[in-house]
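Data block below; observations after.
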Amino acid sequence: MRKRIIYSLVARRSLLIIFLALFASLEALGCTVMIVAASATKDGRPLLFKNRDSSSALMVEMRVENGNGFKHMAQYALSDGNWMGPWGGFNEEGFCIVNTLSYNFSGAELASMNSQIIDMALRQCKTTADFEQLIDGLPKPIDAKANYGVIDAQQHAAFYEGGPNGYTKYDVDDPQIAPNGVLVRTNYSLTGDTDRKVGEERWKAAEQFGADAIASDQLDWRYILQKLPRYLMHCNGTNLYATAPATWKDETKTDIDGYIPRHSSTNAMLMQGVKDNESPLLTACWAMVGPPIATAAVLLFLTPNSILPQKAMANGGNAWLCEKGQQLKAVIFPYSENTTKNIDLSKLYNREETGILQRILKIEEEIIERGNNLITDSRQWGTVSEESLTDYYVWLDNYLEQAYTSHFDAMTSSVSVLTEKDVQPNEWWDIGGRKLKASSSYRGILIGRQGKFMRY
């Protein structure tokens, strides 16, 4: 009897530890989203951006879905051996949607409907009004708690703070709600419990980014795409650009907690909508299929033949771009203790411009220049030429292979990406492939197969 009581106490204590660890890692499960109204952009096209964070779904890919509704392209993530999602995308009618998990809604225990709502919306919706009708028609309560960002081909733009009993709409075109035509969400909702603002530091940083971009007349798709998911400014005023070490060799252990780019940042995407007189198939998507600080953005379009660049698609469990990004991230996050919190800043960004992010930006320049030329030509033609897009993707795949080999092969030759299937019982590893002691400090955990705890 006494032994049973002891086991019971141990079990309760273990559950408490799990609960506290999961609670502490909520910030690691977040996302940062920005919507820019058409009236606020230089070319009059709305923008929808998402930087996605996840502690458990580290591998991502882009995928085209053809059946059961509108054709659409969306981002999916590999979690515990299963592809989960979608977590954002756009369809052939120019309807674009992303979300952030909202932690300050009560009533939706698992939020199991968060991605299902995105999936239904991509298959069924043309406009924001259609999305509202979709949510209104779902049986209540809904097991959902999310901030959904939406733009459409009619240039509508809005956030929907969705909870178990419905939603509250924040119209980005309403000057009373968004005076500058820009709205941001992280991992809490204004209509939720205001005492639990998960991601408030990232919210403030993204708002400051938007305000600075407007003040300097730089608010356009390219500036947001290249800068926001790699924004090295904290809302408390800390500027990592200004404190960059001199060279690659000057190791600088740096706390990155609370910044928009984090260890848990798995990918990012920016969707540029269309003008009223343009085909919705001209909706352009720029995707970072891997950690944004270590992954170059690529241009994606929906076409009748559903073509995609090979480097952005899954190949035996993960996309090539994502695997390369994970290897480079392991170089940026080299510490066995507090891996999720500390980076070696010299490997990310330094004054001799040899940091991984600086090299990624150099690679990205050519991709964006050629991609933007294709976008410009397509708008003039009124359609995306399948032949021109195929040529771009063939060039892109070859260019990425050559550029990554040239810039990164030497630094990642000894780094392998660890996934859940590689972990055996009673072993503890980090994402860089380092075996750890069970007593190591864990900020966030993943409960994997056989009850295995894994720290990311």
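Identifiers in this document derive from the order of the structure tokens: chains are assigned A, B, ..., residues are numbered from 1 separately in each chain, and ligands are numbered from 1 in order of occurrence.
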
Can you build me a table of segment 336-426 of chain A residues sitting at most 9 Å from segment 240-261 of chain A, with the closest atom pair per residue and its distance in Å to one decimal, using only C-alpha atoms, sorted by chain and residue number, as JSON lines?
```
{"residue": "A:Thr340", "atom": "CA", "partner": "A:Asp257", "partner_atom": "CA", "distance": 8.1}
{"residue": "A:Lys341", "atom": "CA", "partner": "A:Asp257", "partner_atom": "CA", "distance": 5.4}
{"residue": "A:Asn342", "atom": "CA", "partner": "A:Asp255", "partner_atom": "CA", "distance": 4.6}
{"residue": "A:Ile343", "atom": "CA", "partner": "A:Thr254", "partner_atom": "CA", "distance": 5.3}
{"residue": "A:Asp344", "atom": "CA", "partner": "A:Lys253", "partner_atom": "CA", "distance": 4.7}
{"residue": "A:Leu345", "atom": "CA", "partner": "A:Thr252", "partner_atom": "CA", "distance": 5.3}
{"residue": "A:Ser346", "atom": "CA", "partner": "A:Trp248", "partner_atom": "CA", "distance": 5.0}
{"residue": "A:Lys347", "atom": "CA", "partner": "A:Trp248", "partner_atom": "CA", "distance": 5.7}
{"residue": "A:Leu348", "atom": "CA", "partner": "A:Trp248", "partner_atom": "CA", "distance": 8.5}
{"residue": "A:Tyr349", "atom": "CA", "partner": "A:Ala244", "partner_atom": "CA", "distance": 6.2}
{"residue": "A:Asn350", "atom": "CA", "partner": "A:Ala244", "partner_atom": "CA", "distance": 4.9}
{"residue": "A:Arg351", "atom": "CA", "partner": "A:Ala246", "partner_atom": "CA", "distance": 4.8}
{"residue": "A:Glu352", "atom": "CA", "partner": "A:Thr247", "partner_atom": "CA", "distance": 5.5}
{"residue": "A:Glu353", "atom": "CA", "partner": "A:Thr247", "partner_atom": "CA", "distance": 7.9}
{"residue": "A:Thr354", "atom": "CA", "partner": "A:Trp248", "partner_atom": "CA", "distance": 6.4}
{"residue": "A:Gly355", "atom": "CA", "partner": "A:Trp248", "partner_atom": "CA", "distance": 6.5}
```

What are the closest atom pairs, with distances in Å to one decimal, for each residue of segment 39-92 of chain A lying within 9 Å of segment 134-153 of chain A, using only C-alpha atoms, rows by chain and rising residue number, as a Markdown table?
```
| residue | atom | partner | partner_atom | distance |
| --- | --- | --- | --- | --- |
| A:Pro46 | CA | A:Ile151 | CA | 6.9 |
| A:Leu47 | CA | A:Ile151 | CA | 7.5 |
| A:Leu48 | CA | A:Ile151 | CA | 6.9 |
| A:Phe49 | CA | A:Gly149 | CA | 8.7 |
| A:Lys50 | CA | A:Gly149 | CA | 9.0 |
```

Export of prior selection with N, CA and C atoms as an mmCIF file, in the first residue's frame:
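Below is the file out-v1.cif, written as the result:
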```cif
data_model
loop_
_atom_site.group_PDB
_atom_site.id
_atom_site.type_symbol
_atom_site.label_atom_id
_atom_site.label_comp_id
_atom_site.auth_asym_id
_atom_site.auth_seq_id
_atom_site.Cartn_x
_atom_site.Cartn_y
_atom_site.Cartn_z
ATOM 1 N N PRO A 46 -2.606 44.420 -50.855
ATOM 2 C CA PRO A 46 -2.511 44.055 -49.431
ATOM 3 C C PRO A 46 -1.451 42.992 -49.201
ATOM 4 N N LEU A 47 -0.930 42.935 -47.974
ATOM 5 C CA LEU A 47 0.113 41.988 -47.608
ATOM 6 C C LEU A 47 -0.285 41.204 -46.363
ATOM 7 N N LEU A 48 0.066 39.933 -46.349
ATOM 8 C CA LEU A 48 -0.178 39.067 -45.192
ATOM 9 C C LEU A 48 1.112 38.310 -44.893
ATOM 10 N N PHE A 49 1.659 38.514 -43.692
ATOM 11 C CA PHE A 49 2.939 37.913 -43.305
ATOM 12 C C PHE A 49 2.776 37.062 -42.058
ATOM 13 N N LYS A 50 3.500 35.939 -42.029
ATOM 14 C CA LYS A 50 3.525 35.105 -40.823
ATOM 15 C C LYS A 50 4.923 34.561 -40.590
#
```

Would you mind listing what lies within 9 Å of Gly85 of chain A as a PyMOL selection string, with only C-alpha atoms counted and same-chain residues fewer than 4 positions away left out?
chain A and resi 74-78+114-116+118-119

Got a sec: who's within 9 Å of Glu364 of chain A, counting only C-alpha atoms, leaving out chain neighbours fewer than 3 positions off, as number ranges by chain?
A: 226, 295-298, 359-361, 367-369

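Straight-line separation from atom CA of Ala178 of chain A to atom CA of Gln155 of chain A: 15.1 Å.
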
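Within segment 128-168 of chain A, DSSP applied to the backbone places the following residues in alpha helix (DSSP H): A:Thr128, A:Ala129, A:Asp130, A:Phe131, A:Glu132, A:Gln133, A:Leu134, A:Ile135, A:Asp136.
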
May I have a table of the residues of segment 30-109 of chain A lying at most 10 Å from segment 189-213 of chain A, giving each one's closest pair of atoms and their distance in Å to one decimal, counting only C-alpha atoms, ordered by chain and ascending residue number, as CSV?
```
residue,atom,partner,partner_atom,distance
A:Gly30,CA,A:Gly199,CA,7.0
A:Cys31,CA,A:Gly199,CA,8.2
A:Thr32,CA,A:Arg202,CA,7.1
A:Val33,CA,A:Ala206,CA,8.6
A:Met34,CA,A:Ala206,CA,7.8
A:Val36,CA,A:Gly210,CA,9.3
A:Thr100,CA,A:Ser189,CA,9.6
A:Leu101,CA,A:Ser189,CA,9.3
A:Ser102,CA,A:Ser189,CA,6.1
A:Tyr103,CA,A:Val198,CA,6.7
A:Asn104,CA,A:Asp193,CA,5.0
A:Phe105,CA,A:Gly192,CA,5.0
A:Ser106,CA,A:Gly192,CA,7.8
```

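Of note, atom CA of Pro291 of chain A and atom CA of Gln326 of chain A are spaced 6.8 Å apart.
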
May I ask for the distance between atom CA of Val331 of chain A and atom CA of Gln402 of chain A, given in Å to one decimal place?
20.0 Å

Distance query Ala121 of chain A at most 9 Å, only C-alpha atoms, self and fewer than 6 positions along chain excluded, as JSON, numbers by chain:
{"A": [95, 96, 97, 130, 131, 134]}
